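Have a look at model17.txt; it's compact mmCIF, C-alpha atoms and all ligand atoms:
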# COMPACT_ATOMS: atom_id res chain seq x y z
CA MET A 1 21.64 0.66 -5.99
CA ALA A 2 20.71 4.19 -5.03
CA SER A 3 18.57 6.27 -2.72
CA LEU A 4 15.74 8.25 -4.28
CA THR A 5 14.60 11.71 -3.24
CA LEU A 6 11.62 13.63 -4.60
CA LYS A 7 11.40 17.33 -3.84
CA GLY A 8 8.18 19.26 -4.40
CA ILE A 9 7.01 17.30 -7.45
CA THR A 10 3.99 18.92 -9.08
CA LYS A 11 2.35 17.81 -12.32
CA ARG A 12 -0.70 19.21 -14.10
CA PHE A 13 -2.51 17.82 -17.10
CA GLY A 14 -4.44 20.88 -18.28
CA LYS A 15 -6.71 21.74 -15.36
CA ILE A 16 -6.12 18.42 -13.59
CA VAL A 17 -3.54 18.60 -10.83
CA ALA A 18 -2.20 15.03 -10.89
CA LEU A 19 0.53 15.67 -8.28
CA SER A 20 0.94 18.52 -5.87
CA GLY A 21 4.17 19.20 -3.95
CA VAL A 22 5.20 15.58 -3.42
CA ASP A 23 8.23 15.15 -1.11
CA LEU A 24 9.64 11.68 -0.47
CA HIS A 25 12.90 10.02 0.50
CA VAL A 26 13.55 6.33 -0.15
CA GLU A 27 16.71 4.83 1.35
CA ASP A 28 19.09 2.73 -0.70
CA GLY A 29 17.79 -0.86 -0.65
CA GLN A 30 14.34 0.03 0.67
CA PHE A 31 11.09 -1.47 -0.64
CA CYS A 32 8.77 1.53 -0.90
CA VAL A 33 5.12 1.08 -1.85
CA LEU A 34 3.01 3.91 -3.29
CA LEU A 35 -0.56 3.11 -2.26
CA GLY A 36 -3.76 4.93 -3.08
CA PRO A 37 -7.08 4.77 -4.90
CA SER A 38 -7.35 4.97 -8.67
CA GLY A 39 -6.43 8.40 -10.00
CA CYS A 40 -4.39 9.49 -6.96
CA GLY A 41 -1.28 10.04 -9.09
CA LYS A 42 0.78 6.91 -8.35
CA SER A 43 1.56 5.99 -11.95
CA THR A 44 2.26 9.59 -12.89
CA LEU A 45 4.80 9.77 -10.07
CA LEU A 46 6.46 6.53 -11.20
CA ASN A 47 6.66 7.80 -14.77
CA ILE A 48 8.22 11.05 -13.57
CA ILE A 49 10.90 9.09 -11.67
CA ALA A 50 11.56 7.07 -14.85
CA GLY A 51 11.74 10.25 -16.93
CA LEU A 52 8.84 9.18 -19.15
CA ILE A 53 6.78 12.19 -18.02
CA LEU A 54 8.33 15.54 -17.14
CA GLN A 55 7.20 17.26 -13.94
CA ASP A 56 6.10 20.92 -13.99
CA GLU A 57 7.85 21.68 -10.72
CA GLY A 58 10.22 19.91 -8.37
CA SER A 59 13.16 17.62 -8.68
CA VAL A 60 14.05 13.89 -8.81
CA LEU A 61 17.38 12.93 -7.21
CA LEU A 62 19.23 9.62 -7.23
CA ASP A 63 21.87 9.40 -4.51
CA GLY A 64 21.42 13.12 -3.99
CA GLN A 65 22.10 14.04 -7.63
CA SER A 66 19.39 15.55 -9.80
CA VAL A 67 18.42 13.40 -12.81
CA ASP A 68 15.88 15.91 -14.15
CA ARG A 69 17.91 16.60 -17.26
CA LEU A 70 18.61 12.95 -18.04
CA ALA A 71 16.63 11.00 -20.64
CA PRO A 72 14.90 7.82 -19.36
CA ARG A 73 17.60 5.49 -20.72
CA ASP A 74 20.33 7.47 -18.96
CA ARG A 75 18.66 7.44 -15.54
CA ASP A 76 19.58 3.84 -14.89
CA VAL A 77 16.17 2.93 -13.54
CA ALA A 78 14.18 -0.09 -14.74
CA MET A 79 10.42 -0.18 -14.99
CA VAL A 80 8.21 -3.27 -14.86
CA PHE A 81 4.80 -2.57 -16.32
CA GLN A 82 1.41 -4.04 -15.47
CA SER A 83 1.24 -5.57 -18.97
CA TYR A 84 4.83 -6.99 -18.74
CA ALA A 85 5.34 -5.89 -22.38
CA LEU A 86 7.29 -9.03 -23.37
CA TYR A 87 8.19 -9.59 -27.02
CA PRO A 88 5.98 -12.52 -28.09
CA HIS A 89 8.23 -13.71 -30.94
CA MET A 90 11.35 -13.90 -28.74
CA LYS A 91 12.29 -16.71 -26.39
CA VAL A 92 12.53 -15.93 -22.69
CA ALA A 93 16.34 -15.75 -22.84
CA GLN A 94 16.17 -13.24 -25.71
CA ASN A 95 13.52 -11.22 -23.90
CA LEU A 96 15.75 -11.08 -20.84
CA GLY A 97 18.82 -10.02 -22.79
CA PHE A 98 17.16 -7.65 -25.25
CA GLY A 99 17.75 -4.42 -23.31
CA LEU A 100 21.41 -5.30 -22.79
CA ARG A 101 21.86 -6.12 -26.49
CA MET A 102 20.44 -2.71 -27.40
CA ARG A 103 23.01 -1.14 -25.10
CA GLY A 104 25.85 -2.98 -26.79
CA VAL A 105 26.76 -5.15 -23.79
CA PRO A 106 29.11 -8.00 -24.92
CA LYS A 107 27.40 -11.34 -25.66
CA GLN A 108 29.23 -13.32 -22.97
CA SER A 109 28.29 -10.77 -20.36
CA ILE A 110 24.63 -10.85 -21.46
CA ARG A 111 24.62 -14.64 -21.21
CA GLU A 112 26.02 -14.51 -17.68
CA ARG A 113 23.59 -11.88 -16.47
CA VAL A 114 20.60 -13.65 -18.04
CA LEU A 115 21.58 -16.92 -16.34
CA GLU A 116 22.12 -15.17 -13.02
CA ALA A 117 18.68 -13.51 -13.14
CA ALA A 118 17.03 -16.75 -14.30
CA ARG A 119 18.63 -18.61 -11.39
CA LEU A 120 17.48 -16.01 -8.84
CA LEU A 121 13.94 -16.11 -10.23
CA GLY A 122 13.84 -19.90 -10.65
CA ILE A 123 13.07 -19.72 -14.38
CA GLU A 124 16.18 -21.43 -15.82
CA ASP A 125 14.04 -24.16 -17.38
CA LEU A 126 11.89 -21.59 -19.19
CA LEU A 127 14.68 -19.84 -21.12
CA ASP A 128 13.86 -21.57 -24.41
CA ARG A 129 10.13 -20.95 -24.26
CA LYS A 130 8.19 -18.08 -25.77
CA PRO A 131 5.96 -15.81 -23.61
CA GLY A 132 2.82 -17.34 -25.13
CA ASP A 133 3.77 -20.69 -23.58
CA LEU A 134 4.10 -19.30 -20.05
CA SER A 135 1.62 -18.89 -17.20
CA GLY A 136 0.80 -15.42 -15.86
CA GLY A 137 3.11 -15.89 -12.88
CA GLN A 138 5.97 -17.06 -15.09
CA ARG A 139 5.51 -14.05 -17.39
CA GLN A 140 5.63 -11.79 -14.39
CA ARG A 141 8.95 -13.33 -13.35
CA VAL A 142 10.37 -12.86 -16.85
CA ALA A 143 9.33 -9.20 -16.79
CA MET A 144 11.06 -8.82 -13.42
CA GLY A 145 14.12 -10.64 -14.78
CA ARG A 146 14.32 -8.29 -17.74
CA ALA A 147 14.59 -5.40 -15.30
CA MET A 148 17.09 -7.26 -13.10
CA VAL A 149 19.62 -8.03 -15.83
CA ARG A 150 20.08 -4.31 -16.31
CA ARG A 151 21.25 -3.99 -12.69
CA PRO A 152 19.45 -0.68 -12.36
CA ARG A 153 19.92 1.77 -9.52
CA VAL A 154 16.18 1.71 -8.82
CA PHE A 155 13.37 -0.69 -9.81
CA LEU A 156 10.00 0.86 -10.61
CA LEU A 157 7.09 -1.58 -10.52
CA ASP A 158 3.64 -0.47 -11.68
CA GLU A 159 0.97 -2.85 -10.32
CA PRO A 160 3.03 -5.86 -11.47
CA LEU A 161 0.69 -8.44 -9.96
CA SER A 162 -2.65 -7.08 -11.07
CA ASN A 163 -2.94 -9.43 -14.05
CA LEU A 164 -2.63 -12.53 -11.86
CA ASP A 165 -5.52 -14.33 -10.22
CA ALA A 166 -5.87 -13.94 -6.45
CA ARG A 167 -4.22 -17.24 -5.49
CA LEU A 168 -1.24 -16.77 -7.76
CA ARG A 169 -0.88 -13.19 -6.59
CA ALA A 170 -0.34 -14.27 -2.98
CA GLY A 171 2.40 -16.71 -4.08
CA VAL A 172 4.19 -14.25 -6.36
CA ARG A 173 3.98 -11.62 -3.62
CA LEU A 174 5.96 -13.87 -1.29
CA GLU A 175 8.51 -14.58 -4.04
CA LEU A 176 8.94 -10.88 -4.67
CA LYS A 177 9.58 -10.22 -0.99
CA GLN A 178 12.12 -13.04 -0.88
CA LEU A 179 13.78 -11.73 -4.03
CA HIS A 180 14.09 -8.29 -2.49
CA ARG A 181 15.78 -9.82 0.54
CA GLN A 182 18.30 -11.47 -1.76
CA ILE A 183 19.10 -8.61 -4.14
CA LYS A 184 18.53 -5.77 -1.62
CA SER A 185 17.54 -3.37 -4.35
CA THR A 186 15.72 -0.07 -4.10
CA ILE A 187 12.16 -0.73 -5.24
CA ILE A 188 9.31 1.70 -5.81
CA TYR A 189 6.15 -0.33 -6.14
CA VAL A 190 2.76 1.07 -7.14
CA THR A 191 -0.48 -0.58 -6.04
CA HIS A 192 -4.03 0.20 -4.98
CA ASP A 193 -4.12 -3.06 -3.00
CA GLN A 194 -3.56 -2.46 0.71
CA VAL A 195 -2.68 -6.10 1.42
CA GLU A 196 0.10 -5.94 -1.17
CA ALA A 197 1.32 -2.66 0.32
CA MET A 198 1.28 -3.90 3.90
CA THR A 199 2.98 -7.22 3.17
CA LEU A 200 5.65 -5.94 0.79
CA GLY A 201 6.62 -2.46 1.91
CA ASP A 202 9.40 -1.44 4.28
CA GLN A 203 7.83 1.96 3.81
CA VAL A 204 4.28 2.68 2.64
CA VAL A 205 3.30 6.01 1.08
CA VAL A 206 -0.45 6.61 1.17
CA MET A 207 -1.65 9.02 -1.51
CA ARG A 208 -4.90 10.68 -2.52
CA HIS A 209 -5.70 13.44 -5.02
CA GLY A 210 -2.03 13.92 -5.92
CA LYS A 211 -0.87 14.40 -2.34
CA ILE A 212 0.86 12.24 0.24
CA HIS A 213 -1.29 11.65 3.32
CA GLN A 214 1.16 9.53 5.28
CA ILE A 215 4.57 7.89 4.97
CA GLY A 216 5.52 5.16 7.40
CA ARG A 217 6.19 1.54 8.17
CA PRO A 218 3.13 -0.66 7.52
CA GLU A 219 2.49 -1.20 11.24
CA THR A 220 2.64 2.56 11.94
CA ILE A 221 0.22 3.34 9.13
CA TYR A 222 -2.16 0.75 10.56
CA GLU A 223 -1.73 1.50 14.26
CA ARG A 224 -1.43 5.28 14.04
CA PRO A 225 -3.15 6.51 10.87
CA ALA A 226 -2.42 10.21 10.36
CA ASP A 227 -5.94 11.13 9.27
CA THR A 228 -9.40 9.77 8.62
CA PHE A 229 -8.60 8.95 4.98
CA VAL A 230 -5.67 6.69 5.90
CA ALA A 231 -7.66 5.26 8.83
CA THR A 232 -10.50 4.08 6.61
CA PHE A 233 -8.43 3.24 3.51
CA ILE A 234 -6.18 0.79 5.39
CA GLY A 235 -7.76 -2.18 7.09
CA SER A 236 -10.36 -4.71 6.10
CA PRO A 237 -13.11 -4.61 7.21
CA GLU A 238 -12.85 -0.85 7.39
CA MET A 239 -12.40 1.04 10.65
CA ASN A 240 -15.70 2.13 12.24
CA LEU A 241 -15.78 5.93 12.29
CA TYR A 242 -18.24 8.19 14.12
CA ARG A 243 -18.63 11.92 14.29
CA GLY A 244 -19.56 13.38 17.67
CA ARG A 245 -18.48 15.51 20.59
CA LEU A 246 -16.01 15.14 23.47
CA LEU A 247 -17.64 15.88 26.82
CA ARG A 248 -16.59 15.65 30.44
CA LYS A 249 -19.12 13.84 32.68
CA ASP A 250 -18.46 12.94 36.32
CA ASP A 251 -14.86 14.01 35.80
CA ARG A 252 -14.44 11.48 32.99
CA LEU A 253 -14.03 12.06 29.30
CA HIS A 254 -16.85 10.78 27.10
CA PHE A 255 -17.47 10.70 23.41
CA GLN A 256 -21.06 11.52 22.55
CA GLY A 257 -21.61 9.74 19.24
CA PRO A 258 -24.76 9.35 17.12
CA GLY A 259 -27.13 7.78 19.64
CA PHE A 260 -24.49 6.28 21.93
CA SER A 261 -21.92 7.41 24.46
CA LEU A 262 -18.42 6.02 24.81
CA ASP A 263 -16.55 6.23 28.10
CA LEU A 264 -12.99 7.35 27.36
CA ARG A 265 -11.68 7.19 30.93
CA GLY A 266 -7.93 7.36 31.20
CA LEU A 267 -7.48 9.48 28.08
CA GLN A 268 -6.08 12.99 28.40
CA ILE A 269 -7.29 15.17 25.55
CA ASN A 270 -7.63 18.92 25.71
CA LEU A 271 -10.49 19.14 23.27
CA GLU A 272 -13.53 19.09 25.51
CA GLU A 273 -16.71 20.34 23.86
CA SER A 274 -15.05 19.91 20.47
CA GLU A 275 -16.42 18.04 17.52
CA VAL A 276 -14.22 15.03 16.75
CA GLU A 277 -14.30 11.74 14.87
CA VAL A 278 -13.70 8.52 16.75
CA GLY A 279 -12.40 5.43 14.98
CA ILE A 280 -12.54 1.86 16.27
CA ARG A 281 -11.07 -1.07 14.36
CA PRO A 282 -13.39 -4.12 14.13
CA GLU A 283 -10.81 -6.31 15.92
CA ASP A 284 -10.53 -3.87 18.84
CA ILE A 285 -14.09 -4.47 19.97
CA GLY A 286 -14.60 -7.17 22.58
CA ILE A 287 -17.78 -9.20 22.64
CA GLY A 288 -19.30 -9.67 26.08
CA GLN A 289 -19.03 -7.86 29.39
CA GLY A 290 -15.91 -7.19 31.38
CA GLY A 291 -14.07 -4.41 29.58
CA THR A 292 -13.94 -0.76 30.42
CA THR A 293 -16.61 0.60 28.18
CA ILE A 294 -19.77 -1.31 27.49
CA LEU A 295 -22.06 -0.68 24.56
CA GLN A 296 -25.16 -2.48 23.35
CA ALA A 297 -25.44 -3.25 19.65
CA LYS A 298 -28.14 -4.96 17.65
CA VAL A 299 -26.92 -7.59 15.20
CA GLU A 300 -28.07 -6.92 11.67
CA MET A 301 -26.10 -9.36 9.54
CA ILE A 302 -23.17 -11.78 9.81
CA SER A 303 -20.53 -12.36 7.12
CA ASN A 304 -18.70 -15.64 7.46
CA VAL A 305 -15.27 -15.64 5.78
CA GLY A 306 -14.31 -19.07 7.10
CA SER A 307 -11.43 -18.18 9.41
CA GLU A 308 -13.57 -15.62 11.27
CA LYS A 309 -16.90 -13.80 11.18
CA TYR A 310 -17.78 -10.14 10.78
CA ILE A 311 -20.78 -8.99 12.69
CA HIS A 312 -22.55 -5.99 11.21
CA ALA A 313 -24.65 -4.32 13.85
CA HIS A 314 -26.58 -1.15 14.70
CA LEU A 315 -24.98 1.06 17.32
CA GLY A 316 -27.17 4.05 18.23
CA GLN A 317 -28.03 5.65 14.90
CA GLY A 318 -24.88 4.33 13.30
CA THR A 319 -23.57 0.99 12.12
CA LEU A 320 -20.72 -1.05 13.51
CA THR A 321 -18.60 -3.94 12.27
CA VAL A 322 -17.06 -6.29 14.83
CA ARG A 323 -14.56 -9.05 14.11
CA ALA A 324 -15.58 -12.27 15.87
CA PRO A 325 -14.13 -15.78 16.11
CA LYS A 326 -15.49 -18.32 13.64
CA GLU A 327 -17.32 -20.10 16.47
CA ALA A 328 -19.41 -17.00 17.28
CA ALA A 329 -23.10 -17.91 17.01
CA PHE A 330 -25.21 -14.78 16.86
CA GLN A 331 -28.51 -14.21 15.14
CA PRO A 332 -29.81 -11.12 13.38
CA GLY A 333 -31.90 -9.07 15.81
CA GLN A 334 -29.92 -10.20 18.87
CA ILE A 335 -28.65 -7.54 21.28
CA ILE A 336 -24.99 -8.07 22.19
CA PRO A 337 -22.84 -6.31 24.81
CA LEU A 338 -19.54 -4.96 23.48
CA THR A 339 -16.48 -3.68 25.29
CA ILE A 340 -13.96 -1.17 24.05
CA ASP A 341 -10.61 -0.26 25.56
CA PRO A 342 -10.35 3.55 25.34
CA HIS A 343 -6.63 3.21 24.57
CA ARG A 344 -7.48 1.34 21.35
CA VAL A 345 -9.70 4.18 20.12
CA HIS A 346 -8.42 6.57 17.42
CA ILE A 347 -9.47 10.20 17.75
CA PHE A 348 -9.36 12.72 14.91
CA HIS A 349 -9.96 16.46 15.04
CA GLU A 350 -10.66 18.25 11.76
CA GLY A 351 -9.71 15.03 10.03
CA ARG A 352 -6.23 14.76 11.62
CA ARG A 353 -5.15 12.32 14.31
CA ILE A 354 -4.74 13.73 17.80
P1 LIG H 1 -4.65 4.09 -11.47
O1 LIG H 1 -4.45 3.27 -10.24
O2 LIG H 1 -6.06 4.11 -11.94
O3 LIG H 1 -3.65 3.82 -12.53
P2 LIG H 1 -3.11 6.38 -10.54
O4 LIG H 1 -3.15 6.60 -9.09
O5 LIG H 1 -1.93 5.70 -11.10
O6 LIG H 1 -4.44 5.63 -10.99
P3 LIG H 1 -2.56 8.45 -12.45
O7 LIG H 1 -2.68 7.54 -13.63
O8 LIG H 1 -1.21 8.86 -12.05
O9 LIG H 1 -3.32 7.81 -11.20
O10 LIG H 1 -3.47 9.73 -12.73
C1 LIG H 1 -3.53 10.84 -11.84
C2 LIG H 1 -4.52 11.86 -12.40
O11 LIG H 1 -3.99 12.45 -13.59
C3 LIG H 1 -5.87 11.28 -12.82
O12 LIG H 1 -6.85 12.24 -12.53
C4 LIG H 1 -5.73 11.06 -14.30
O13 LIG H 1 -6.99 11.12 -14.93
C5 LIG H 1 -4.83 12.22 -14.70
N1 LIG H 1 -3.97 11.90 -15.87
C6 LIG H 1 -2.99 10.98 -15.90
N2 LIG H 1 -2.39 10.97 -17.11
C7 LIG H 1 -3.01 11.92 -17.85
C8 LIG H 1 -2.83 12.42 -19.19
N3 LIG H 1 -1.89 11.92 -19.99
N4 LIG H 1 -3.66 13.40 -19.60
C9 LIG H 1 -4.61 13.91 -18.78
N5 LIG H 1 -4.81 13.50 -17.52
C10 LIG H 1 -4.03 12.52 -17.05
Would it be possible to restate this file's structure as structure tokens?
Ligand code: ATP
Amino acid sequence: MASLTLKGITKRFGKIVALSGVDLHVEDGQFCVLLGPSGCGKSTLLNIIAGLILQDEGSVLLDGQSVDRLAPRDRDVAMVFQSYALYPHMKVAQNLGFGLRMRGVPKQSIRERVLEAARLLGIEDLLDRKPGDLSGGQRQRVAMGRAMVRRPRVFLLDEPLSNLDARLRAGVRLELKQLHRQIKSTIIYVTHDQVEAMTLGDQVVVMRHGKIHQIGRPETIYERPADTFVATFIGSPEMNLYRGRLLRKDDRLHFQGPGFSLDLRGLQINLEESEVEVGIRPEDIGIGQGGTTILQAKVEMISNVGSEKYIHAHLGQGTLTVRAPKEAAFQPGQIIPLTIDPHRVHIFHEGRRI
């Protein structure tokens, strides 16, 4: 296994800047997830690491050594595609060993490595079947196995679970995490699914428009989003975000939002009279009296997801989503008191966290 370093990677397709000055370091054995909306440059970056696309500027290093001049097959990285790209006429065992056969690895060695991968992935009983006779989850495991038998320095996975239905995806996600624990390989994993990113990644890289917005552990990205894009992209339901002004009233800091005022007592911010954005996660809003800051919201709609409810309400001239226990019994039109701990509030100035 190897560490991966990207230095100033830039890629243009004609006038489109797909990647712009991307710097990243992934430790040996780390599970790194590239997360971002469609078109943010994730797949292009993965293809550049694999050597399938050449960057215009910047460098790709494995264990500190540049691989820019190496062809894809000489980089010793293995890619697992969204489509799995299995050979339909070959049995699973042949699919697993194909890459090794092409590289002239001795037969006995291929057999051993195929069996080892099949054992790790729990697909030993599928070795004699053809891909057409497998379920989506089993095909995904075979595709992973084909990469594993090569014992690459880095695994590159491009949305490998997107062809699976939601239930299967959750199961395969757990298996993948377990597998990573066992083989301790360096994995770069591309997804636009924040749940996948948060549950799988040791490190999550949030991207948009060809740039990295934040790199961090999942909990850091969630608890301390670097900017308003990361704040609203991560988390479901989305963080409530309001534009307004910081004011000092009665020696206390307040946020004057659209039609409501939030008491921010206890916070020390040197941006009085400045325009800021305030973010509040739906689960950080208490229902009822008793907290520091009390607001009144008018219930508009309730979404029941079974394990809990989301209350969509009007707050001043804005809207607000609050996470509530499943027992919560509110009606549209009802006025409810809400409490907010100022220390759970996220404040952004010119889009950046302060
Ligand atoms: P998705 O999740 O939809 O696959 P992505 O984040 O992987 O998106 P990329 O496929 O890397 O995004 O594309 C980044 C940008 O570069 C997009 O604007 C895309 O249209 C553009 N792009 C990618 N490949 C090419 C190409 N071969 N020619 C022209 N433009 C391209």
Across A:Met207, A:Ile49, A:Leu126, A:Ile221, the smallest distance to Asp68 (chain A), with only C-alpha atoms counted, is shown by A:Ile49
At most 9 Å from ligand LIG 1 (chain H) (all atoms listed in the file): residue list as a PDB file with C-alpha atoms, in the coordinates of the input:
ATOM      1  CA  LYS A  11       2.350  17.810 -12.320  1.00  0.00           C
ATOM      2  CA  ARG A  12      -0.700  19.210 -14.100  1.00  0.00           C
ATOM      3  CA  PHE A  13      -2.510  17.820 -17.100  1.00  0.00           C
ATOM      4  CA  GLY A  14      -4.440  20.880 -18.280  1.00  0.00           C
ATOM      5  CA  LYS A  15      -6.710  21.740 -15.360  1.00  0.00           C
ATOM      6  CA  ILE A  16      -6.120  18.420 -13.590  1.00  0.00           C
ATOM      7  CA  VAL A  17      -3.540  18.600 -10.830  1.00  0.00           C
ATOM      8  CA  ALA A  18      -2.200  15.030 -10.890  1.00  0.00           C
ATOM      9  CA  LEU A  19       0.530  15.670  -8.280  1.00  0.00           C
ATOM     10  CA  LEU A  34       3.010   3.910  -3.290  1.00  0.00           C
ATOM     11  CA  LEU A  35      -0.560   3.110  -2.260  1.00  0.00           C
ATOM     12  CA  GLY A  36      -3.760   4.930  -3.080  1.00  0.00           C
ATOM     13  CA  PRO A  37      -7.080   4.770  -4.900  1.00  0.00           C
ATOM     14  CA  SER A  38      -7.350   4.970  -8.670  1.00  0.00           C
ATOM     15  CA  GLY A  39      -6.430   8.400 -10.000  1.00  0.00           C
ATOM     16  CA  CYS A  40      -4.390   9.490  -6.960  1.00  0.00           C
ATOM     17  CA  GLY A  41      -1.280  10.040  -9.090  1.00  0.00           C
ATOM     18  CA  LYS A  42       0.780   6.910  -8.350  1.00  0.00           C
ATOM     19  CA  SER A  43       1.560   5.990 -11.950  1.00  0.00           C
ATOM     20  CA  THR A  44       2.260   9.590 -12.890  1.00  0.00           C
ATOM     21  CA  LEU A  45       4.800   9.770 -10.070  1.00  0.00           C
ATOM     22  CA  LEU A  46       6.460   6.530 -11.200  1.00  0.00           C
ATOM     23  CA  ASN A  47       6.660   7.800 -14.770  1.00  0.00           C
ATOM     24  CA  ILE A  53       6.780  12.190 -18.020  1.00  0.00           C
ATOM     25  CA  ASP A 158       3.640  -0.470 -11.680  1.00  0.00           C
ATOM     26  CA  GLU A 159       0.970  -2.850 -10.320  1.00  0.00           C
ATOM     27  CA  VAL A 190       2.760   1.070  -7.140  1.00  0.00           C
ATOM     28  CA  THR A 191      -0.480  -0.580  -6.040  1.00  0.00           C
ATOM     29  CA  HIS A 192      -4.030   0.200  -4.980  1.00  0.00           C
ATOM     30  CA  MET A 207      -1.650   9.020  -1.510  1.00  0.00           C
ATOM     31  CA  ARG A 208      -4.900  10.680  -2.520  1.00  0.00           C
ATOM     32  CA  HIS A 209      -5.700  13.440  -5.020  1.00  0.00           C
ATOM     33  CA  GLY A 210      -2.030  13.920  -5.920  1.00  0.00           C
TER      34      GLY A 210
END
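Residue nearest Val276 (chain A) within the list A:Gly288, A:Gly97, A:Gly244, A:Gly171: A:Gly244 [criterion: smallest interatomic distance, only C-alpha atoms].
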Just want the 9 Å neighbourhood of region 300-304 of chain A, counted on all atoms listed in the file, with same-chain residues fewer than 3 positions away dropped. Output as a PyMOL selection string.
chain A and resi 307-314+326+330-334
Measuring between all atoms listed in the file, which one of A:Gly266, A:Gly279, A:Gly257, A:Pro325 shows the shortest distance to Leu295 (chain A)?
A:Gly257
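A straight line drawn from CA of Leu168 (chain A) to CA of Arg153 (chain A) is 28.2 Å long.
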Using Å and a single decimal, report how far CA of Tyr189 (chain A) sits from CA of Asp133 (chain A).
26.9 Å
One decimal, Å: what's the distance from CA of Asn95 (chain A) over to CA of Ala170 (chain A), could you say?
25.3 Å
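Closest approach to Ile234 (chain A) from the set A:Ile110, A:Val206, A:Ile215, A:Ala329 is made by A:Val206, with distances taken over only C-alpha atoms.
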Could you list, as a CSV table (one decimal) with C-alpha atoms, in the coordinates of the input, every residue within 12 Å of Gln317 (chain A), counting all atoms listed in the file and ignoring same-chain residues fewer than 2 positions away?
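Wrote it out as around.csv, contents follow:
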chain,number,residue,atom,x,y,z
A,242,TYR,CA,-18.2,8.2,14.1
A,243,ARG,CA,-18.6,11.9,14.3
A,244,GLY,CA,-19.6,13.4,17.7
A,256,GLN,CA,-21.1,11.5,22.6
A,257,GLY,CA,-21.6,9.7,19.2
A,258,PRO,CA,-24.8,9.4,17.1
A,259,GLY,CA,-27.1,7.8,19.6
A,260,PHE,CA,-24.5,6.3,21.9
A,261,SER,CA,-21.9,7.4,24.5
A,297,ALA,CA,-25.4,-3.2,19.6
A,298,LYS,CA,-28.1,-5.0,17.6
A,313,ALA,CA,-24.6,-4.3,13.8
A,314,HIS,CA,-26.6,-1.2,14.7
A,315,LEU,CA,-25.0,1.1,17.3
A,319,THR,CA,-23.6,1.0,12.1
A,320,LEU,CA,-20.7,-1.0,13.5
Atoms are missing here; could region 137-147 of chain A be completed with N, CA, C and O atoms and written as a compact mmCIF listing (two decimals), keeping the file's coordinate frame?
# COMPACT_ATOMS: atom_id res chain seq x y z
N GLY A 137 2.08 -16.07 -13.90
CA GLY A 137 3.11 -15.89 -12.88
C GLY A 137 4.50 -15.98 -13.47
O GLY A 137 5.41 -15.24 -13.09
N GLN A 138 4.65 -16.91 -14.44
CA GLN A 138 5.97 -17.06 -15.09
C GLN A 138 6.30 -15.82 -15.92
O GLN A 138 7.42 -15.32 -15.91
N ARG A 139 5.28 -15.27 -16.60
CA ARG A 139 5.51 -14.05 -17.39
C ARG A 139 5.93 -12.90 -16.49
O ARG A 139 6.79 -12.10 -16.83
N GLN A 140 5.29 -12.86 -15.34
CA GLN A 140 5.63 -11.79 -14.39
C GLN A 140 7.09 -11.90 -13.96
O GLN A 140 7.81 -10.91 -13.89
N ARG A 141 7.55 -13.13 -13.76
CA ARG A 141 8.95 -13.33 -13.35
C ARG A 141 9.91 -12.93 -14.48
O ARG A 141 10.97 -12.37 -14.23
N VAL A 142 9.52 -13.24 -15.71
CA VAL A 142 10.37 -12.86 -16.85
C VAL A 142 10.47 -11.32 -16.93
O VAL A 142 11.55 -10.76 -17.14
N ALA A 143 9.32 -10.66 -16.73
CA ALA A 143 9.33 -9.20 -16.79
C ALA A 143 10.24 -8.63 -15.70
O ALA A 143 11.00 -7.69 -15.91
N MET A 144 10.20 -9.25 -14.52
CA MET A 144 11.06 -8.82 -13.42
C MET A 144 12.53 -9.09 -13.78
O MET A 144 13.41 -8.27 -13.53
N GLY A 145 12.76 -10.26 -14.38
CA GLY A 145 14.12 -10.64 -14.78
C GLY A 145 14.69 -9.68 -15.80
O GLY A 145 15.87 -9.33 -15.74
N ARG A 146 13.85 -9.22 -16.71
CA ARG A 146 14.32 -8.29 -17.74
C ARG A 146 14.81 -6.99 -17.10
O ARG A 146 15.76 -6.37 -17.56
N ALA A 147 14.13 -6.60 -16.02
CA ALA A 147 14.59 -5.40 -15.30
C ALA A 147 15.87 -5.71 -14.53
O ALA A 147 16.80 -4.90 -14.49
